[in-house]
>>> print(open('structure_7.txt').read())   # compact mmCIF, C-alpha atoms and all ligand atoms
# COMPACT_ATOMS: atom_id res chain seq x y z
CA MET A 122 -61.32 -7.93 -62.75
CA LYS A 123 -64.66 -6.40 -63.64
CA ARG A 124 -64.75 -4.51 -66.94
CA SER A 125 -66.25 -1.55 -65.08
CA GLU A 126 -63.15 -1.40 -62.85
CA ILE A 127 -60.84 -1.51 -65.89
CA ASN A 128 -62.89 1.25 -67.55
CA ASN A 129 -62.58 3.42 -64.43
CA ILE A 130 -58.83 2.82 -64.24
CA MET A 131 -58.55 3.89 -67.91
CA LYS A 132 -60.45 7.13 -67.22
CA GLU A 133 -58.41 7.92 -64.09
CA SER A 134 -55.18 7.11 -65.90
CA LEU A 135 -56.06 9.39 -68.82
CA ALA A 136 -56.64 12.22 -66.33
CA PHE A 137 -53.25 11.58 -64.64
CA LEU A 138 -51.43 11.36 -68.00
CA GLN A 139 -53.00 14.67 -68.99
CA GLU A 140 -51.95 16.21 -65.67
CA MET A 141 -48.38 15.02 -66.38
CA ASN A 142 -48.54 16.28 -70.00
CA PHE A 143 -47.93 12.79 -71.37
CA LEU A 144 -49.73 12.17 -74.66
CA LEU A 145 -50.72 8.75 -76.01
CA PRO A 146 -50.77 7.75 -79.70
CA PRO A 147 -54.04 7.86 -81.71
CA PHE A 148 -54.92 4.14 -81.31
CA ALA A 149 -55.22 4.68 -77.54
CA THR A 150 -58.65 6.23 -78.06
CA TRP A 151 -60.07 4.03 -80.82
CA THR A 152 -63.40 2.72 -79.58
CA PRO A 153 -64.33 -0.99 -79.68
CA GLU A 154 -66.70 -0.19 -82.59
CA GLU A 155 -63.87 1.49 -84.50
CA TRP A 156 -61.63 -1.53 -83.86
CA LYS A 157 -64.22 -3.79 -85.54
CA ARG A 158 -63.86 -1.76 -88.74
CA LYS A 159 -60.06 -1.59 -88.81
CA GLY A 160 -58.22 -3.26 -91.68
CA LEU A 161 -54.95 -5.06 -92.29
CA GLU A 162 -53.00 -1.79 -92.16
CA CYS A 163 -53.41 -1.85 -88.35
CA GLY A 164 -51.93 -5.33 -87.97
CA GLU A 165 -48.70 -4.08 -86.39
CA ILE A 166 -50.60 -2.72 -83.37
CA VAL A 167 -52.06 -6.15 -82.70
CA GLU A 168 -48.96 -8.23 -83.52
CA SER A 169 -46.72 -6.03 -81.39
CA GLN A 170 -49.15 -6.02 -78.43
CA LEU A 171 -49.42 -2.23 -78.41
CA GLY A 172 -51.97 -0.46 -76.26
CA TRP A 173 -53.76 -0.66 -72.94
CA ASP A 174 -52.61 -3.25 -70.41
CA ILE A 175 -54.05 -3.24 -66.90
CA THR A 176 -53.47 -6.03 -64.42
CA ASP A 177 -54.32 -6.89 -60.83
CA PHE A 178 -51.92 -9.88 -61.02
CA GLY A 179 -54.89 -12.15 -60.47
CA ARG A 180 -55.24 -11.02 -56.85
CA GLY A 181 -58.53 -9.10 -57.15
CA ASP A 182 -57.24 -6.05 -55.26
CA TYR A 183 -55.89 -3.55 -57.82
CA THR A 184 -55.22 -0.81 -55.26
CA LYS A 185 -52.85 -3.12 -53.40
CA TYR A 186 -51.49 -5.31 -56.22
CA GLY A 187 -51.86 -3.75 -59.63
CA LEU A 188 -50.20 -2.00 -62.50
CA PHE A 189 -51.34 0.29 -65.27
CA MET A 190 -49.33 -0.04 -68.48
CA PHE A 191 -49.68 1.28 -72.00
CA THR A 192 -47.34 -0.16 -74.61
CA ILE A 193 -46.41 2.65 -76.96
CA ARG A 194 -43.94 0.76 -79.14
CA ASN A 195 -42.79 -2.83 -79.40
CA SER A 196 -42.27 -5.46 -82.02
CA THR A 197 -42.19 -9.23 -82.25
CA ILE A 198 -39.58 -11.72 -81.09
CA GLU A 199 -39.03 -12.73 -84.75
CA GLU A 200 -37.45 -9.29 -85.30
CA LEU A 201 -34.58 -10.26 -82.98
CA LYS A 202 -33.43 -12.84 -85.52
CA LYS A 203 -33.27 -10.31 -88.36
CA GLU A 204 -30.12 -8.42 -89.18
CA ASN A 205 -31.92 -5.07 -89.07
CA GLY A 206 -34.97 -5.94 -86.98
CA LYS A 207 -36.92 -3.58 -84.73
CA ILE A 208 -35.68 -4.74 -81.34
CA TYR A 209 -36.85 -2.06 -78.90
CA ALA A 210 -39.97 -1.24 -76.91
CA GLU A 211 -41.40 1.56 -74.79
CA LYS A 212 -44.16 1.56 -72.21
CA ILE A 213 -45.69 4.13 -69.91
CA LEU A 214 -46.75 2.90 -66.47
CA ILE A 215 -48.62 4.42 -63.57
CA VAL A 216 -47.78 3.26 -60.06
CA ASP A 217 -49.80 4.48 -57.09
CA GLU A 218 -48.56 4.86 -53.55
CA GLU A 219 -48.02 1.45 -51.91
CA GLN A 220 -49.42 -0.27 -55.02
CA ILE A 221 -47.25 -3.33 -55.51
CA THR A 222 -46.00 -4.91 -58.71
CA LEU A 223 -45.14 -8.41 -57.52
CA THR A 224 -41.62 -9.87 -57.57
CA HIS A 225 -40.71 -10.98 -61.08
CA PHE A 226 -37.97 -11.14 -63.68
CA HIS A 227 -37.90 -11.28 -67.44
CA TYR A 228 -36.33 -14.14 -69.37
CA GLN A 229 -35.51 -12.21 -72.49
CA LYS A 230 -36.20 -8.52 -71.91
CA MET A 231 -33.71 -6.07 -70.42
CA GLU A 232 -35.49 -2.94 -69.21
CA ASP A 233 -34.77 0.54 -67.93
CA ILE A 234 -37.35 1.73 -65.41
CA ILE A 235 -37.58 5.52 -65.35
CA ASN A 236 -39.30 7.81 -62.85
CA ARG A 237 -40.84 10.39 -65.17
CA GLY A 238 -42.49 12.45 -62.45
CA GLY A 239 -44.84 12.54 -59.48
CA SER A 240 -43.82 10.68 -56.35
CA ASP A 241 -40.83 8.42 -55.57
CA LEU A 242 -40.62 4.85 -56.87
CA ILE A 243 -39.23 2.17 -54.58
CA ILE A 244 -37.70 -0.92 -56.19
CA GLN A 245 -36.64 -4.03 -54.28
CA LEU A 246 -33.95 -6.20 -55.88
CA TRP A 247 -32.60 -9.73 -55.80
CA ASN A 248 -30.38 -11.76 -58.08
CA SER A 249 -31.98 -15.05 -59.10
CA THR A 250 -30.45 -18.49 -58.66
CA PRO A 251 -30.20 -20.93 -61.61
CA ASP A 252 -33.34 -22.65 -60.29
CA GLU A 253 -35.22 -19.30 -60.22
CA LYS A 254 -35.19 -18.74 -56.45
CA LEU A 255 -34.19 -15.49 -54.71
CA ALA A 256 -30.40 -15.37 -54.34
CA THR A 257 -28.78 -13.97 -51.19
CA THR A 258 -25.89 -12.33 -53.08
CA ASP A 259 -25.39 -8.57 -53.37
CA VAL A 260 -27.09 -6.94 -56.35
CA THR A 261 -25.28 -4.50 -58.63
CA VAL A 262 -27.28 -2.31 -61.00
CA SER A 263 -26.67 0.82 -63.03
CA VAL A 264 -28.61 3.85 -61.75
CA ASP A 265 -28.28 6.44 -64.50
CA GLY A 266 -24.82 5.23 -65.35
CA VAL A 267 -23.65 4.94 -61.76
CA ARG A 268 -22.81 1.40 -60.64
CA THR A 269 -24.76 0.80 -57.43
CA THR A 270 -24.54 -2.25 -55.15
CA VAL A 271 -27.16 -3.21 -52.55
CA LYS A 272 -27.75 -6.25 -50.36
CA ALA A 273 -30.26 -8.87 -51.53
CA ALA A 274 -33.83 -7.66 -50.83
CA ASP A 275 -32.68 -4.08 -50.25
CA THR A 276 -34.52 -1.28 -52.01
CA ILE A 277 -33.42 1.61 -54.16
CA THR A 278 -35.54 4.75 -54.49
CA LEU A 279 -35.92 6.53 -57.82
CA THR A 280 -36.91 10.18 -57.46
CA PRO A 281 -38.37 12.00 -60.49
CA GLY A 282 -35.86 11.94 -63.33
CA GLU A 283 -33.92 8.90 -62.09
CA SER A 284 -33.80 5.50 -63.77
CA VAL A 285 -32.36 2.03 -63.24
CA ASN A 286 -31.28 -0.66 -65.66
CA LEU A 287 -32.67 -4.12 -64.88
CA PRO A 288 -30.95 -6.99 -66.71
CA GLN A 289 -32.66 -10.25 -67.57
CA ARG A 290 -33.26 -12.64 -64.64
CA LEU A 291 -32.84 -9.91 -62.02
CA TYR A 292 -35.81 -10.14 -59.66
CA HIS A 293 -37.60 -6.84 -58.99
CA LYS A 294 -40.65 -5.69 -57.06
CA PHE A 295 -41.79 -2.07 -56.96
CA TRP A 296 -44.32 0.30 -55.43
CA GLY A 297 -44.89 4.02 -54.88
CA LYS A 298 -43.72 5.80 -51.74
CA ARG A 299 -46.44 6.14 -49.14
CA GLY A 300 -48.34 9.41 -48.92
CA LYS A 301 -46.97 11.07 -52.02
CA GLY A 302 -49.43 10.14 -54.79
CA LYS A 303 -49.02 8.52 -58.17
CA ILE A 304 -45.85 8.14 -60.23
CA LEU A 305 -45.52 8.28 -63.99
CA VAL A 306 -43.04 5.55 -64.85
CA GLY A 307 -41.36 5.03 -68.20
CA GLU A 308 -40.05 1.72 -69.43
CA VAL A 309 -37.57 1.47 -72.27
CA SER A 310 -36.63 -2.11 -73.07
CA GLY A 311 -35.82 -4.72 -75.63
CA VAL A 312 -38.67 -6.07 -77.72
CA ASN A 313 -40.85 -8.27 -75.55
CA ASP A 314 -43.67 -10.76 -75.57
CA ASP A 315 -45.60 -10.34 -72.32
CA TYR A 316 -47.44 -13.62 -72.87
CA VAL A 317 -44.24 -15.61 -72.26
CA ASP A 318 -41.46 -13.36 -70.92
CA ASN A 319 -42.53 -12.76 -67.29
CA HIS A 320 -41.50 -15.05 -64.47
CA PHE A 321 -43.24 -14.26 -61.18
CA TYR A 322 -41.72 -15.39 -57.92
CA ASP A 323 -45.00 -14.83 -56.12
CA GLU A 324 -48.27 -16.44 -57.16
CA ALA A 325 -49.58 -14.13 -59.87
CA GLY A 326 -51.57 -13.95 -63.09
CA ARG A 327 -50.26 -11.51 -65.67
CA PHE A 328 -53.53 -11.06 -67.61
CA PRO A 329 -56.73 -10.68 -65.59
CA LYS A 330 -59.81 -12.76 -66.21
CA ILE A 331 -62.47 -10.20 -67.03
CA GLU A 332 -66.05 -10.18 -65.85
CA GLU A 333 -67.98 -8.30 -68.55
CA ASP A 334 -70.35 -6.23 -66.40
CA GLU A 335 -70.39 -3.32 -68.89
CA PRO A 336 -69.03 -2.66 -72.41
CA PRO A 337 -65.31 -1.82 -72.73
CA PHE A 338 -64.47 1.89 -72.81
CA TYR A 339 -61.27 1.16 -74.79
CA LEU A 340 -59.79 -2.24 -75.58
CA LEU A 341 -56.94 -3.85 -73.68
CA TYR A 342 -54.48 -5.41 -76.10
CA ASP A 343 -55.64 -8.79 -74.83
CA ASP A 344 -59.11 -7.85 -76.24
CA TYR A 345 -58.01 -7.29 -79.86
CA LYS A 346 -58.60 -10.95 -80.72
CA ASP A 347 -62.32 -10.48 -79.94
CA TYR A 348 -62.79 -7.23 -81.94
CA TYR A 349 -60.18 -6.97 -84.71
CA LYS A 350 -61.24 -9.17 -87.61
CA HIS A 351 -57.69 -9.79 -88.85
CA ALA A 352 -56.28 -10.91 -85.48
FE FE B 401 -40.22 -5.94 -64.99
>>> encode(input="structure_7.txt", output="structure tokens")
Amino acid sequence: MKRSEINNIMKESLAFLQEMNFLLPPFATWTPEEWKRKGLECGEIVESQLGWDITDFGRGDYTKYGLFMFTIRNSTIEELKKENGKIYAEKILIVDEEQITLTHFHYQKMEDIINRGGSDLIIQLWNSTPDEKLATTDVTVSVDGVRTTVKAADTITLTPGESVNLPQRLYHKFWGKRGKGKILVGEVSGVNDDYVDNHFYDEAGRFPKIEEDEPPFYLLYDDYKDYYKHA
């Protein structure tokens, strides 16, 4: 992706978040210059992969295949081994109409996907086979505490306020309903490491290669290593 495209997505996303009255934490608006001056006290933000995360899944067509994410809280996998570790995470996502997040599952992370307002979110579901193919068996998920069973590759629709629990190794693909605008999507999950936890069924790249055609507006968390001196 071009940096200018990422910058524009950040500006558009900030406008949508404001429209939806969803506020981001202070580090969301630290400039790249500010990041260069930050000290060890900010290490948790970097270690826990908090912040801006925008991907086109390596397809070069963000409108069609893309996802805006901002990780608000998370931790590290090491915390899972501790008796009283921080083992939870929260993200805010923006999904546009017919904008696809490609079929994937998570090895380690269980997640709840929540429609927090705007349009309807459509989620397609499959169980996975032991060799990570799409299973043909019925899929049972919890939709706000209600056990719900669908055929393999069927979709469920989350209207504003609704959520679904997606266990590990359950394949999911999602997009916004046509003609109804953007959706603010919440994600509450176990702690996760996005560099290793995502398994895509389709050909996809999780972190875009960036063409630096202008300076970054704000940093993606994948940029911290180039700006934060303690990374
Ligand atoms: Fe997912």
>>> residues_near_ligand(input="structure_7.txt", ligand="ligand FE 401 (chain B)", cutoff="9 Å", atoms="only C-alpha atoms and all ligand atoms", output="PyMOL selection string")
chain A and resi 222+224-227+230-234+287+291-294+308+319
>>> atom_distance(input="structure_7.txt", atom1="CA of Tyr349 (chain A)", atom2="CA of Pro147 (chain A)")
16.3 Å
>>> closest_residue(input="structure_7.txt", among="A:Met190, A:Ala210, A:Leu161, A:Val262", to="His351 (chain A)", atoms="all atoms listed in the file")
A:Leu161
>>> residues_around(input="structure_7.txt", residues="Ser263 (chain A)", least_positions_apart="6", cutoff="9 Å", atoms="only C-alpha atoms", output="list in words")
Thr269, Thr270, Ser284, Val285, Asn286 and Leu287 of chain A
>>> write_last_selection(input="structure_7.txt", atoms="C-alpha atoms", output="mmCIF file, keeping the file's coordinate frame")
data_model
loop_
_atom_site.group_PDB
_atom_site.id
_atom_site.type_symbol
_atom_site.label_atom_id
_atom_site.label_comp_id
_atom_site.auth_asym_id
_atom_site.auth_seq_id
_atom_site.Cartn_x
_atom_site.Cartn_y
_atom_site.Cartn_z
ATOM 1 C CA THR A 269 -24.760 0.800 -57.430
ATOM 2 C CA THR A 270 -24.540 -2.250 -55.150
ATOM 3 C CA SER A 284 -33.800 5.500 -63.770
ATOM 4 C CA VAL A 285 -32.360 2.030 -63.240
ATOM 5 C CA ASN A 286 -31.280 -0.660 -65.660
ATOM 6 C CA LEU A 287 -32.670 -4.120 -64.880
#
>>> closest_residue(input="structure_7.txt", among="A:Ala274, A:Leu242, A:Leu171, A:Val260", to="Glu218 (chain A)", atoms="all atoms listed in the file")
A:Leu242
>>> residues_around(input="structure_7.txt", residues="Glu155 (chain A)", least_positions_apart="2", cutoff="12 Å", atoms="all atoms listed in the file", output="mmCIF file with C-alpha atoms, keeping the file's coordinate frame")
data_model
loop_
_atom_site.group_PDB
_atom_site.id
_atom_site.type_symbol
_atom_site.label_atom_id
_atom_site.label_comp_id
_atom_site.auth_asym_id
_atom_site.auth_seq_id
_atom_site.Cartn_x
_atom_site.Cartn_y
_atom_site.Cartn_z
ATOM 1 C CA PHE A 148 -54.920 4.140 -81.310
ATOM 2 C CA ALA A 149 -55.220 4.680 -77.540
ATOM 3 C CA THR A 150 -58.650 6.230 -78.060
ATOM 4 C CA TRP A 151 -60.070 4.030 -80.820
ATOM 5 C CA THR A 152 -63.400 2.720 -79.580
ATOM 6 C CA PRO A 153 -64.330 -0.990 -79.680
ATOM 7 C CA LYS A 157 -64.220 -3.790 -85.540
ATOM 8 C CA ARG A 158 -63.860 -1.760 -88.740
ATOM 9 C CA LYS A 159 -60.060 -1.590 -88.810
ATOM 10 C CA GLY A 160 -58.220 -3.260 -91.680
ATOM 11 C CA CYS A 163 -53.410 -1.850 -88.350
ATOM 12 C CA PHE A 338 -64.470 1.890 -72.810
ATOM 13 C CA TYR A 339 -61.270 1.160 -74.790
ATOM 14 C CA LEU A 340 -59.790 -2.240 -75.580
ATOM 15 C CA TYR A 345 -58.010 -7.290 -79.860
ATOM 16 C CA TYR A 348 -62.790 -7.230 -81.940
ATOM 17 C CA TYR A 349 -60.180 -6.970 -84.710
ATOM 18 C CA LYS A 350 -61.240 -9.170 -87.610
#
>>> closest_residue(input="structure_7.txt", among="A:Val309, A:Leu341, A:Ile244, A:Ile193", to="Tyr209 (chain A)", atoms="only C-alpha atoms")
A:Val309
>>> residues_around(input="structure_7.txt", residues="Thr176 (chain A)", least_positions_apart="3", cutoff="10 Å", atoms="all atoms listed in the file", output="PDB file with C-alpha atoms, in the frame of the given file")
ATOM      1  CA  MET A 122     -61.320  -7.930 -62.750  1.00  0.00           C
ATOM      2  CA  ILE A 127     -60.840  -1.510 -65.890  1.00  0.00           C
ATOM      3  CA  GLY A 179     -54.890 -12.150 -60.470  1.00  0.00           C
ATOM      4  CA  ARG A 180     -55.240 -11.020 -56.850  1.00  0.00           C
ATOM      5  CA  GLY A 181     -58.530  -9.100 -57.150  1.00  0.00           C
ATOM      6  CA  ASP A 182     -57.240  -6.050 -55.260  1.00  0.00           C
ATOM      7  CA  TYR A 183     -55.890  -3.550 -57.820  1.00  0.00           C
ATOM      8  CA  TYR A 186     -51.490  -5.310 -56.220  1.00  0.00           C
ATOM      9  CA  GLY A 187     -51.860  -3.750 -59.630  1.00  0.00           C
ATOM     10  CA  LEU A 188     -50.200  -2.000 -62.500  1.00  0.00           C
ATOM     11  CA  PHE A 189     -51.340   0.290 -65.270  1.00  0.00           C
ATOM     12  CA  MET A 190     -49.330  -0.040 -68.480  1.00  0.00           C
ATOM     13  CA  THR A 222     -46.000  -4.910 -58.710  1.00  0.00           C
ATOM     14  CA  GLY A 326     -51.570 -13.950 -63.090  1.00  0.00           C
ATOM     15  CA  ARG A 327     -50.260 -11.510 -65.670  1.00  0.00           C
ATOM     16  CA  PHE A 328     -53.530 -11.060 -67.610  1.00  0.00           C
ATOM     17  CA  PRO A 329     -56.730 -10.680 -65.590  1.00  0.00           C
ATOM     18  CA  LYS A 330     -59.810 -12.760 -66.210  1.00  0.00           C
TER      19      LYS A 330
END
>>> residues_around(input="structure_7.txt", residues="Thr278 (chain A)", least_positions_apart="5", cutoff="9 Å", atoms="all atoms listed in the file", output="ChimeraX atom specification")
/A:241-245,283,298
>>> residues_around(input="structure_7.txt", residues="Asp259 (chain A)", least_positions_apart="4", cutoff="7 Å", atoms="only C-alpha atoms", output="list of chain:residue names")
A:Thr270, A:Val271, A:Lys272, A:Ala273
>>> atom_distance(input="structure_7.txt", atom1="CA of Ala256 (chain A)", atom2="CA of Ala325 (chain A)")
20.0 Å
>>> closest_residue(input="structure_7.txt", among="A:Gly302, A:Gly311, A:Pro336, A:Gly282", to="Glu211 (chain A)", atoms="only C-alpha atoms")
A:Gly311
>>> atom_distance(input="structure_7.txt", atom1="CA of Ile235 (chain A)", atom2="CA of His320 (chain A)")
21.0 Å
>>> closest_residue(input="structure_7.txt", among="A:Thr276, A:Arg290, A:Thr184, A:Asn205", to="Lys254 (chain A)", atoms="all atoms listed in the file")
A:Arg290
>>> closest_residue(input="structure_7.txt", among="A:Glu253, A:Leu246, A:Asp177, A:Asn313", to="Ile221 (chain A)", atoms="all atoms listed in the file")
A:Asp177
>>> axis_aligned_box(input="structure_7.txt", around="region 243-251 of chain A", padding_each_side="3 Å", output="lines of an AutoDock Vina configuration file")
center_x = -34.7
center_y = -9.4
center_z = -57.9
size_x = 15.0
size_y = 29.1
size_z = 13.3
